[in-house]
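The file input21.tsv contains TSV, C-alpha atoms:
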```tsv
chain	number	residue	atom	x	y	z
U	1	MET	CA	26.92	-1.82	1.91
U	2	SER	CA	25.54	0.28	4.76
U	3	LYS	CA	26.44	-0.84	8.28
U	4	ARG	CA	23.55	-0.90	10.78
U	5	VAL	CA	24.63	0.77	14.02
U	6	THR	CA	23.18	1.75	17.38
U	7	ILE	CA	22.50	5.33	18.41
U	8	ASP	CA	25.58	5.20	20.65
U	9	ALA	CA	27.73	4.03	17.73
U	10	LEU	CA	26.34	6.79	15.51
U	11	ALA	CA	27.17	9.32	18.23
U	12	ASP	CA	30.77	8.07	18.31
U	13	TRP	CA	30.88	8.31	14.50
U	14	LEU	CA	29.70	11.93	14.66
U	15	LYS	CA	32.09	12.91	17.47
U	16	ALA	CA	35.04	11.68	15.39
U	17	ARG	CA	34.14	13.90	12.40
U	18	ASP	CA	33.43	17.52	11.50
U	19	ASP	CA	32.02	19.81	8.79
U	20	PHE	CA	28.55	18.28	8.60
U	21	VAL	CA	25.70	18.81	6.18
U	22	LEU	CA	22.36	17.61	7.59
U	23	LEU	CA	19.83	16.56	4.96
U	24	GLY	CA	16.09	15.95	5.07
U	25	HIS	CA	13.68	14.48	2.55
U	26	VAL	CA	11.79	16.15	-0.27
U	27	ALA	CA	8.59	17.96	0.78
U	28	PRO	CA	9.96	18.17	4.34
U	29	ASP	CA	7.46	17.69	7.15
U	30	GLY	CA	7.78	18.59	10.82
U	31	ASP	CA	9.88	15.53	11.59
U	32	ALA	CA	12.42	16.15	8.82
U	33	ALA	CA	12.68	19.88	9.51
U	34	GLY	CA	12.76	19.51	13.30
U	35	CYS	CA	15.39	16.76	13.19
U	36	CYS	CA	17.71	18.64	10.86
U	37	LEU	CA	17.47	21.84	12.90
U	38	GLY	CA	17.73	20.15	16.29
U	39	ALA	CA	20.67	17.92	15.30
U	40	CYS	CA	22.42	20.90	13.71
U	41	LEU	CA	22.20	22.81	17.00
U	42	ALA	CA	23.50	19.78	18.90
U	43	LEU	CA	26.53	19.33	16.65
U	44	ARG	CA	27.33	23.02	16.93
U	45	ALA	CA	27.15	22.68	20.71
U	46	LEU	CA	29.92	20.09	20.35
U	47	GLY	CA	32.03	22.70	18.55
U	48	LYS	CA	31.39	21.18	15.12
U	49	ARG	CA	30.62	23.07	11.94
U	50	ALA	CA	27.19	22.04	10.68
U	51	VAL	CA	24.54	23.30	8.26
U	52	ALA	CA	20.99	22.04	7.69
U	53	CYS	CA	19.83	21.66	4.09
U	54	LEU	CA	16.26	20.82	3.07
U	55	PRO	CA	14.74	20.49	-0.42
U	56	GLY	CA	12.70	23.66	-0.87
U	57	GLY	CA	13.99	25.04	2.42
U	58	VAL	CA	12.22	25.01	5.78
U	59	PRO	CA	8.42	25.04	5.23
U	60	LEU	CA	6.67	28.23	6.33
U	61	LEU	CA	4.81	26.36	9.08
U	62	TYR	CA	8.17	25.62	10.73
U	63	ALA	CA	9.99	28.83	9.80
U	64	GLY	CA	9.82	30.07	13.40
U	65	LEU	CA	11.85	27.17	14.76
U	66	PRO	CA	15.29	27.94	16.21
U	67	GLY	CA	17.95	27.84	13.50
U	68	ALA	CA	15.44	27.86	10.63
U	69	GLY	CA	16.79	31.17	9.33
U	70	GLU	CA	20.24	29.63	8.81
U	71	ALA	CA	18.99	26.49	7.05
U	72	LEU	CA	19.50	26.33	3.29
U	73	ASP	CA	17.33	25.27	0.39
U	74	ILE	CA	19.49	22.57	-1.19
U	75	GLU	CA	17.70	23.05	-4.51
U	76	GLN	CA	18.92	26.65	-4.68
U	77	VAL	CA	22.57	26.27	-3.67
U	78	SER	CA	25.55	24.57	-5.23
U	79	PRO	CA	28.24	22.92	-3.07
U	80	GLY	CA	30.46	25.99	-3.56
U	81	MET	CA	27.80	28.21	-1.99
U	82	LEU	CA	27.80	26.34	1.31
U	83	PRO	CA	29.48	28.08	4.28
U	84	PHE	CA	32.21	25.40	4.27
U	85	GLU	CA	33.13	22.31	2.30
U	86	PRO	CA	31.19	19.46	3.93
U	87	LYS	CA	33.18	16.38	4.81
U	88	ALA	CA	30.38	14.33	6.35
U	89	ALA	CA	26.69	14.03	5.58
U	90	LEU	CA	23.89	12.95	7.90
U	91	ALA	CA	20.47	12.14	6.41
U	92	LEU	CA	17.61	12.42	8.90
U	93	ASP	CA	14.09	10.99	8.50
U	94	VAL	CA	14.91	9.87	4.94
U	95	SER	CA	13.43	6.46	4.09
U	96	GLU	CA	15.61	5.80	1.04
U	97	LEU	CA	18.33	7.59	-0.92
U	98	PRO	CA	16.09	8.96	-3.73
U	99	ARG	CA	13.92	10.68	-1.09
U	100	LEU	CA	16.74	13.18	-0.66
U	101	GLY	CA	15.82	14.61	-4.05
U	102	GLU	CA	18.23	15.06	-6.92
U	103	ALA	CA	20.23	17.90	-5.35
U	104	GLY	CA	20.26	16.37	-1.88
U	105	GLN	CA	21.33	12.97	-3.13
U	106	ALA	CA	24.16	14.53	-5.15
U	107	LEU	CA	25.43	16.40	-2.09
U	108	PHE	CA	25.08	13.33	0.14
U	109	GLU	CA	27.03	11.13	-2.27
U	110	ALA	CA	29.68	13.82	-2.82
U	111	CYS	CA	30.61	13.83	0.88
U	112	PRO	CA	33.56	11.57	1.75
U	113	GLU	CA	31.66	10.09	4.70
U	114	ARG	CA	27.92	9.50	5.04
U	115	ALA	CA	25.46	8.41	7.71
U	116	ALA	CA	21.70	8.11	8.14
U	117	LEU	CA	19.22	8.09	11.02
U	118	ASP	CA	15.66	7.04	10.29
U	119	HIS	CA	12.48	5.44	11.67
U	120	HIS	CA	10.85	4.06	8.50
U	121	ALA	CA	10.55	0.27	8.65
U	122	THR	CA	10.84	0.12	4.84
U	123	ASN	CA	14.27	1.78	4.86
U	124	PRO	CA	16.78	-0.54	3.10
U	125	GLY	CA	19.73	1.21	4.77
U	126	PHE	CA	22.12	3.58	3.05
U	127	GLY	CA	25.25	5.55	3.83
U	128	ASP	CA	28.39	4.18	5.46
U	129	VAL	CA	26.56	3.76	8.75
U	130	CYS	CA	22.82	3.78	9.37
U	131	ALA	CA	20.85	3.90	12.63
U	132	LEU	CA	17.32	2.61	12.07
U	133	ASP	CA	14.42	2.09	14.46
U	134	GLY	CA	11.24	1.13	12.65
U	135	GLU	CA	9.32	1.17	15.93
U	136	ALA	CA	10.03	4.83	16.72
U	137	ALA	CA	7.08	7.16	16.23
U	138	ALA	CA	9.34	9.85	14.78
U	139	ALA	CA	12.95	10.33	13.85
U	140	GLY	CA	12.85	13.17	16.38
U	141	GLU	CA	12.44	10.58	19.11
U	142	MET	CA	15.76	9.06	17.99
U	143	VAL	CA	17.52	12.45	17.79
U	144	VAL	CA	16.69	13.13	21.45
U	145	GLU	CA	18.43	9.85	22.25
U	146	LEU	CA	21.32	10.81	19.96
U	147	ILE	CA	21.82	14.13	21.75
U	148	ASP	CA	22.12	12.28	25.05
U	149	ALA	CA	24.64	9.90	23.49
U	150	LEU	CA	26.65	12.86	22.21
U	151	GLY	CA	26.90	14.17	25.76
U	152	VAL	CA	25.25	17.46	24.81
U	153	GLN	CA	22.73	19.26	27.01
U	154	LEU	CA	19.27	19.30	25.43
U	155	THR	CA	18.56	23.04	25.28
U	156	ARG	CA	15.21	24.76	24.91
U	157	GLU	CA	16.02	25.54	21.28
U	158	MET	CA	16.83	21.90	20.48
U	159	GLY	CA	13.80	20.80	22.47
U	160	GLU	CA	11.43	23.02	20.50
U	161	CYS	CA	12.68	21.62	17.19
U	162	LEU	CA	12.43	18.03	18.38
U	163	PHE	CA	9.06	18.39	20.10
U	164	VAL	CA	7.68	19.61	16.77
U	165	ALA	CA	9.32	16.63	15.04
U	166	ILE	CA	7.79	14.15	17.47
U	167	SER	CA	4.37	15.72	17.87
U	168	THR	CA	3.69	16.12	14.15
U	169	ASP	CA	4.71	12.57	13.24
U	170	CYS	CA	2.58	10.84	15.86
U	171	GLY	CA	-0.54	12.96	15.42
U	172	GLN	CA	-0.13	14.78	18.72
U	173	PHE	CA	0.50	11.43	20.42
U	174	SER	CA	-2.71	9.90	19.05
U	175	TYR	CA	-1.43	7.52	16.33
U	176	SER	CA	-0.82	3.82	16.90
U	177	ASN	CA	2.94	4.37	16.54
U	178	THR	CA	2.99	6.31	19.83
U	179	ARG	CA	4.89	4.29	22.44
U	180	PRO	CA	6.26	4.96	25.94
U	181	GLU	CA	9.59	6.13	24.47
U	182	THR	CA	7.68	8.74	22.45
U	183	PHE	CA	6.26	10.35	25.58
U	184	ARG	CA	9.63	10.15	27.33
U	185	ALA	CA	11.37	11.94	24.45
U	186	ALA	CA	8.66	14.61	24.38
U	187	ALA	CA	8.92	15.01	28.15
U	188	ARG	CA	12.64	15.66	27.80
U	189	CYS	CA	11.80	18.54	25.46
U	190	VAL	CA	9.27	19.93	27.93
U	191	GLU	CA	11.84	19.67	30.72
U	192	ALA	CA	14.19	21.74	28.54
U	193	GLY	CA	11.76	24.65	28.86
U	194	ILE	CA	9.73	24.68	25.65
U	195	ASP	CA	6.37	26.48	25.49
U	196	VAL	CA	3.99	23.63	24.60
U	197	ALA	CA	0.93	25.89	24.42
U	198	ALA	CA	2.56	28.29	21.95
U	199	ILE	CA	3.89	25.46	19.77
U	200	THR	CA	0.50	23.73	19.72
U	201	GLU	CA	-1.32	26.96	18.86
U	202	ARG	CA	1.02	27.63	15.96
U	203	LEU	CA	0.96	24.10	14.54
U	204	TYR	CA	-2.62	22.94	15.09
U	205	ARG	CA	-4.86	25.91	15.79
U	206	THR	CA	-3.69	28.42	13.19
U	207	ARG	CA	-4.47	28.10	9.48
U	208	THR	CA	-3.98	30.53	6.57
U	209	VAL	CA	-6.90	31.53	4.36
U	210	GLY	CA	-5.28	29.70	1.44
U	211	ARG	CA	-4.89	26.51	3.45
U	212	THR	CA	-8.52	26.70	4.58
U	213	LYS	CA	-9.83	27.23	1.05
U	214	LEU	CA	-7.68	24.40	-0.30
U	215	LEU	CA	-9.08	22.07	2.35
U	216	GLY	CA	-12.61	22.96	1.29
U	217	LEU	CA	-11.94	22.54	-2.43
U	218	THR	CA	-10.27	19.18	-1.93
U	219	LEU	CA	-12.90	17.72	0.38
U	220	ALA	CA	-15.70	18.94	-1.91
U	221	GLY	CA	-14.43	16.48	-4.52
U	222	LEU	CA	-13.92	13.45	-2.28
U	223	GLU	CA	-15.19	10.09	-3.52
U	224	LEU	CA	-16.02	6.79	-1.85
U	225	SER	CA	-16.09	3.22	-3.06
U	226	PRO	CA	-19.57	1.58	-3.05
U	227	ASP	CA	-18.75	-0.23	0.20
U	228	GLY	CA	-17.39	2.93	1.84
U	229	LYS	CA	-14.05	1.33	2.66
U	230	LEU	CA	-11.92	3.33	0.20
U	231	ALA	CA	-11.89	7.14	0.05
U	232	TRP	CA	-9.97	9.38	-2.30
U	233	ALA	CA	-9.65	12.99	-3.38
U	234	ARG	CA	-7.73	15.00	-5.95
U	235	LEU	CA	-5.60	18.07	-5.40
U	236	THR	CA	-4.88	19.82	-8.70
U	237	GLU	CA	-2.68	22.73	-9.63
U	238	ASP	CA	-5.81	24.68	-10.57
U	239	MET	CA	-7.14	24.18	-7.05
U	240	LEU	CA	-3.91	25.53	-5.57
U	241	ARG	CA	-4.24	28.65	-7.71
U	242	GLU	CA	-7.94	29.10	-6.93
U	243	ALA	CA	-7.32	28.83	-3.21
U	244	GLY	CA	-4.25	31.05	-3.27
U	245	ALA	CA	-2.44	28.23	-1.49
U	246	ILE	CA	1.08	26.82	-1.61
U	247	ARG	CA	2.17	23.18	-1.84
U	248	GLU	CA	2.73	22.69	1.84
U	249	ASP	CA	-0.86	23.74	2.57
U	250	LYS	CA	-2.01	20.26	1.55
U	251	GLU	CA	-0.33	18.74	4.60
U	252	GLY	CA	-2.82	16.79	6.68
U	253	ILE	CA	-5.73	16.87	4.22
U	254	VAL	CA	-5.55	13.11	3.70
U	255	ASN	CA	-6.28	12.62	7.41
U	256	TYR	CA	-9.75	14.12	6.95
U	257	LEU	CA	-10.55	11.34	4.50
U	258	GLN	CA	-9.33	8.67	6.90
U	259	GLU	CA	-11.44	10.08	9.72
U	260	MET	CA	-14.69	9.18	7.97
U	261	SER	CA	-16.56	6.28	9.53
U	262	GLY	CA	-16.01	2.97	7.72
U	263	VAL	CA	-13.04	4.09	5.62
U	264	ARG	CA	-10.20	1.57	5.64
U	265	ILE	CA	-7.77	3.25	3.20
U	266	SER	CA	-7.68	6.91	2.15
U	267	VAL	CA	-5.80	8.30	-0.85
U	268	LEU	CA	-4.92	11.89	-1.70
U	269	ALA	CA	-3.68	12.33	-5.28
U	270	GLU	CA	-1.68	15.53	-5.81
U	271	GLU	CA	-1.05	16.75	-9.35
U	272	ARG	CA	2.55	17.81	-9.95
U	273	GLY	CA	2.94	18.48	-13.67
U	274	GLU	CA	3.26	15.12	-15.41
U	275	GLU	CA	3.77	13.37	-12.08
U	276	THR	CA	1.29	12.52	-9.34
U	277	LYS	CA	2.22	12.34	-5.66
U	278	PHE	CA	0.13	10.21	-3.32
U	279	SER	CA	-0.45	10.37	0.42
U	280	LEU	CA	-1.93	7.17	1.88
U	281	ARG	CA	-3.49	6.43	5.27
U	282	THR	CA	-5.04	3.37	6.88
U	283	ARG	CA	-5.62	1.64	10.21
U	284	ALA	CA	-4.38	-1.69	11.53
U	285	PRO	CA	-4.49	-4.51	10.58
U	286	LEU	CA	-3.99	-3.04	7.10
U	287	ASN	CA	-0.45	-2.02	6.16
U	288	VAL	CA	-0.55	0.70	3.54
U	289	ALA	CA	3.23	0.87	3.13
U	290	ARG	CA	3.75	-2.85	2.52
U	291	ASP	CA	0.58	-3.50	0.50
U	292	VAL	CA	0.17	-0.30	-1.53
U	293	ALA	CA	3.16	2.06	-1.46
U	294	VAL	CA	6.09	-0.36	-1.73
U	295	PRO	CA	4.68	-2.37	-4.68
U	296	LEU	CA	4.35	0.91	-6.58
U	297	GLY	CA	7.82	2.21	-5.71
U	298	GLY	CA	7.00	4.16	-2.56
U	299	GLY	CA	7.43	3.58	1.15
U	300	GLY	CA	6.58	4.76	4.62
U	301	HIS	CA	4.93	3.43	7.75
U	302	ASP	CA	2.28	0.77	8.33
U	303	CYS	CA	-0.54	3.31	8.56
U	304	ALA	CA	0.94	6.31	6.71
U	305	ALA	CA	2.85	6.06	3.47
U	306	GLY	CA	3.40	7.74	0.14
U	307	LEU	CA	4.60	7.34	-3.42
U	308	THR	CA	5.05	9.26	-6.65
U	309	LEU	CA	4.14	7.97	-10.11
U	310	ALA	CA	5.49	9.49	-13.32
U	311	MET	CA	1.99	9.61	-14.77
U	312	PRO	CA	-0.79	12.21	-15.11
U	313	LEU	CA	-3.26	12.34	-12.27
U	314	GLU	CA	-6.18	10.27	-13.57
U	315	PRO	CA	-4.34	7.16	-14.81
U	316	ALA	CA	-2.04	7.31	-11.78
U	317	LEU	CA	-5.02	7.50	-9.42
U	318	ALA	CA	-6.71	4.55	-11.13
U	319	LYS	CA	-3.54	2.50	-10.66
U	320	VAL	CA	-3.21	3.28	-6.97
U	321	LEU	CA	-6.91	2.71	-6.26
U	322	ALA	CA	-6.73	-0.72	-7.89
U	323	VAL	CA	-3.87	-1.77	-5.60
U	324	ALA	CA	-5.64	-0.26	-2.57
U	325	ARG	CA	-8.82	-2.23	-3.33
U	326	GLU	CA	-6.81	-5.44	-3.50
U	327	ALA	CA	-5.23	-4.67	-0.12
U	328	ILE	CA	-8.66	-4.13	1.45
U	329	GLU	CA	-10.03	-7.36	-0.03
U	330	LYS	CA	-7.18	-9.41	1.45
U	331	VAL	CA	-8.07	-8.45	5.03
```
Show me the file's structure as structure tokens.
Amino acid sequence: MSKRVTIDALADWLKARDDFVLLGHVAPDGDAAGCCLGACLALRALGKRAVACLPGGVPLLYAGLPGAGEALDIEQVSPGMLPFEPKAALALDVSELPRLGEAGQALFEACPERAALDHHATNPGFGDVCALDGEAAAAGEMVVELIDALGVQLTREMGECLFVAISTDCGQFSYSNTRPETFRAAARCVEAGIDVAAITERLYRTRTVGRTKLLGLTLAGLELSPDGKLAWARLTEDMLREAGAIREDKEGIVNYLQEMSGVRISVLAEERGEETKFSLRTRAPLNVARDVAVPLGGGGHDCAAGLTLAMPLEPALAKVLAVAREAIEKV
């Protein structure tokens, strides 16, 4: 049984241990990557040995972050290939144990001592100790607080990683999850000397040709329910090849669906072999995690959630759309 702890208690837990592996979730986003890299730098500043491991490695969009070059792709390394034998694991921005992926979960469970830090309200709690804040806009917001509790100076390098974590998970401070603490954490990163203009240019104003073509192909096939309240689109493996895009280029496409006037729930169905991965978005008072993702085995936040079904795209999409329609009708 995982013990729920405060950030201060988690800091004490970390200070009493060494040889850390920091783990993020599958298909890592800016929050997962930024947290793992920022926390890794903080632990090293304490004189600890630490290594960040992400399924698939650090996405190209975040490859320029400090420490990204030393992070490992957990799917490509065995425990014996790590720079040291990890004695403690810290999962960051991981909503449930399976979200670590097969390799990440195996490494997490193989460590003698385990902890987690997360901001997903659906997180059941896992590890020996678990710090959860379902109100935080990003796990990065919590890691800034953790660094203070560790007694470590927030450096520019840490700040860059954590500003990316925070900014990407709250839609550049525009989502409903943005709270005063979100701005305060971001301000701490700015005070550390980060270049906000350069980070913003790289994240939000630069797009590869493949990413641009994939956006066009996906939006060209969008569909709407007769009442205009439900929008969905497909992203197939053929479309990835046609666009010359990579998996991570689909990040953010679902938001374009949600931005259409009148849409209450938007669904992006991504073909992954015999599985289908879904990205879901909505607006209050709907809760897409509770009413759509969780009943189908997924999770996430009130307005942004996801799930994966072990089914081909079309039957999987039909199943998710049926649940989404029911959620809309209840409101």
Residues at most 10 Å from segment 95-109 of chain U, counting all atoms listed in the file, excluding those fewer than 2 positions away in the same chain, as a PDB file with C-alpha atoms, in the coordinates of the input?
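Result file is part-v1.pdb:
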```
ATOM      1  CA  VAL U  21      25.700  18.810   6.180  1.00  0.00           C
ATOM      2  CA  LEU U  22      22.360  17.610   7.590  1.00  0.00           C
ATOM      3  CA  LEU U  23      19.830  16.560   4.960  1.00  0.00           C
ATOM      4  CA  GLY U  24      16.090  15.950   5.070  1.00  0.00           C
ATOM      5  CA  HIS U  25      13.680  14.480   2.550  1.00  0.00           C
ATOM      6  CA  VAL U  26      11.790  16.150  -0.270  1.00  0.00           C
ATOM      7  CA  ALA U  27       8.590  17.960   0.780  1.00  0.00           C
ATOM      8  CA  PRO U  28       9.960  18.170   4.340  1.00  0.00           C
ATOM      9  CA  CYS U  53      19.830  21.660   4.090  1.00  0.00           C
ATOM     10  CA  LEU U  54      16.260  20.820   3.070  1.00  0.00           C
ATOM     11  CA  PRO U  55      14.740  20.490  -0.420  1.00  0.00           C
ATOM     12  CA  ASP U  73      17.330  25.270   0.390  1.00  0.00           C
ATOM     13  CA  ILE U  74      19.490  22.570  -1.190  1.00  0.00           C
ATOM     14  CA  GLU U  75      17.700  23.050  -4.510  1.00  0.00           C
ATOM     15  CA  GLN U  76      18.920  26.650  -4.680  1.00  0.00           C
ATOM     16  CA  VAL U  77      22.570  26.270  -3.670  1.00  0.00           C
ATOM     17  CA  SER U  78      25.550  24.570  -5.230  1.00  0.00           C
ATOM     18  CA  PRO U  79      28.240  22.920  -3.070  1.00  0.00           C
ATOM     19  CA  PRO U  86      31.190  19.460   3.930  1.00  0.00           C
ATOM     20  CA  LYS U  87      33.180  16.380   4.810  1.00  0.00           C
ATOM     21  CA  ALA U  88      30.380  14.330   6.350  1.00  0.00           C
ATOM     22  CA  ALA U  89      26.690  14.030   5.580  1.00  0.00           C
ATOM     23  CA  LEU U  90      23.890  12.950   7.900  1.00  0.00           C
ATOM     24  CA  ALA U  91      20.470  12.140   6.410  1.00  0.00           C
ATOM     25  CA  LEU U  92      17.610  12.420   8.900  1.00  0.00           C
ATOM     26  CA  ASP U  93      14.090  10.990   8.500  1.00  0.00           C
ATOM     27  CA  CYS U 111      30.610  13.830   0.880  1.00  0.00           C
ATOM     28  CA  PRO U 112      33.560  11.570   1.750  1.00  0.00           C
ATOM     29  CA  GLU U 113      31.660  10.090   4.700  1.00  0.00           C
ATOM     30  CA  ARG U 114      27.920   9.500   5.040  1.00  0.00           C
ATOM     31  CA  ALA U 115      25.460   8.410   7.710  1.00  0.00           C
ATOM     32  CA  ALA U 116      21.700   8.110   8.140  1.00  0.00           C
ATOM     33  CA  LEU U 117      19.220   8.090  11.020  1.00  0.00           C
ATOM     34  CA  ASP U 118      15.660   7.040  10.290  1.00  0.00           C
ATOM     35  CA  HIS U 119      12.480   5.440  11.670  1.00  0.00           C
ATOM     36  CA  HIS U 120      10.850   4.060   8.500  1.00  0.00           C
ATOM     37  CA  ALA U 121      10.550   0.270   8.650  1.00  0.00           C
ATOM     38  CA  THR U 122      10.840   0.120   4.840  1.00  0.00           C
ATOM     39  CA  ASN U 123      14.270   1.780   4.860  1.00  0.00           C
ATOM     40  CA  PRO U 124      16.780  -0.540   3.100  1.00  0.00           C
ATOM     41  CA  GLY U 125      19.730   1.210   4.770  1.00  0.00           C
ATOM     42  CA  PHE U 126      22.120   3.580   3.050  1.00  0.00           C
ATOM     43  CA  GLY U 127      25.250   5.550   3.830  1.00  0.00           C
ATOM     44  CA  LEU U 132      17.320   2.610  12.070  1.00  0.00           C
ATOM     45  CA  GLY U 298       7.000   4.160  -2.560  1.00  0.00           C
ATOM     46  CA  GLY U 299       7.430   3.580   1.150  1.00  0.00           C
ATOM     47  CA  GLY U 300       6.580   4.760   4.620  1.00  0.00           C
ATOM     48  CA  HIS U 301       4.930   3.430   7.750  1.00  0.00           C
TER      49      HIS U 301
END
```
Quick one: 4 Å padding each side, axis-aligned, all listed atoms of segment 95-102 of chain U - centre and edge lengths in Å to one decimal, as lines of an AutoDock Vina configuration file?
```
center_x = 15.9
center_y = 10.4
center_z = -1.4
size_x = 12.9
size_y = 17.3
size_z = 19.0
```
Å distance separating atom CA of Thr212 of chain U from atom CA of Asp29 of chain U, one decimal place: 18.5 Å
Looking at only C-alpha atoms, which of U:Arg205, U:Asp128, U:Ser279, U:Arg49 is the one that sits closest to Glu85 of chain U?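 Of all the options, U:Arg49 lies closest to Glu85 of chain U.
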Selected residue, from U:Ile246, U:Leu219, U:Val320, U:Leu203, that lies nearest to Gly171 of chain U when counting only C-alpha atoms: U:Leu203
Between atom CA of Leu82 of chain U and atom CA of Ala39 of chain U, measure the distance and give it in Å to one decimal.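 Spanning atom CA of Leu82 of chain U to atom CA of Ala39 of chain U is a straight-line distance of 17.8 Å.
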Do you know which residues are at most 9 Å from Leu46 of chain U counting only C-alpha atoms, after dropping those on the same chain fewer than 2 positions away, and could you put them as a list in words? Lys15, Leu41, Ala42, Leu43, Arg44, Lys48, Arg49, Leu150, Gly151 and Val152 of chain U
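With all atoms listed in the file as the basis for measurement, U:Ile253 is the residue among U:Val51, U:Ala231, U:Ala32, U:Ile253 that approaches Thr218 of chain U most closely.
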Write out as a list in words each polymer residue whose atoms come within 7 Å of segment 209-211 of chain U, counting all atoms listed in the file; drop sequence neighbours fewer than 5 positions from it. Ala243, Gly244, Ala245 and Asp249 of chain U
Take the residues from that selection and put them in a file with C-alpha atoms, as an mmCIF file, in the coordinates of the input.
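For reference, again-v2.cif as written:
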```cif
data_model
loop_
_atom_site.group_PDB
_atom_site.id
_atom_site.type_symbol
_atom_site.label_atom_id
_atom_site.label_comp_id
_atom_site.auth_asym_id
_atom_site.auth_seq_id
_atom_site.Cartn_x
_atom_site.Cartn_y
_atom_site.Cartn_z
ATOM 1 C CA ALA U 243 -7.320 28.830 -3.210
ATOM 2 C CA GLY U 244 -4.250 31.050 -3.270
ATOM 3 C CA ALA U 245 -2.440 28.230 -1.490
ATOM 4 C CA ASP U 249 -0.860 23.740 2.570
#
```
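Rounded to one decimal, atom CA of Asp18 of chain U and atom CA of Ala192 of chain U lie 26.0 Å from each other.
Shortest separation to Arg207 of chain U among U:Arg234, U:Glu248, U:Leu280, U:Leu37 occurs at residue U:Glu248, atoms counted being all atoms listed in the file.
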Nearest to Phe84 of chain U: which of U:Leu162, U:Leu235, U:Leu257, U:Ala50 is it, counting all atoms listed in the file?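 Distance minimum relative to Phe84 of chain U lands on U:Ala50.
In this comparison, which uses all atoms listed in the file, the residue of U:Cys189, U:Ala284, U:Ala68, U:Val331 approaching Asp302 of chain U most closely is U:Ala284.
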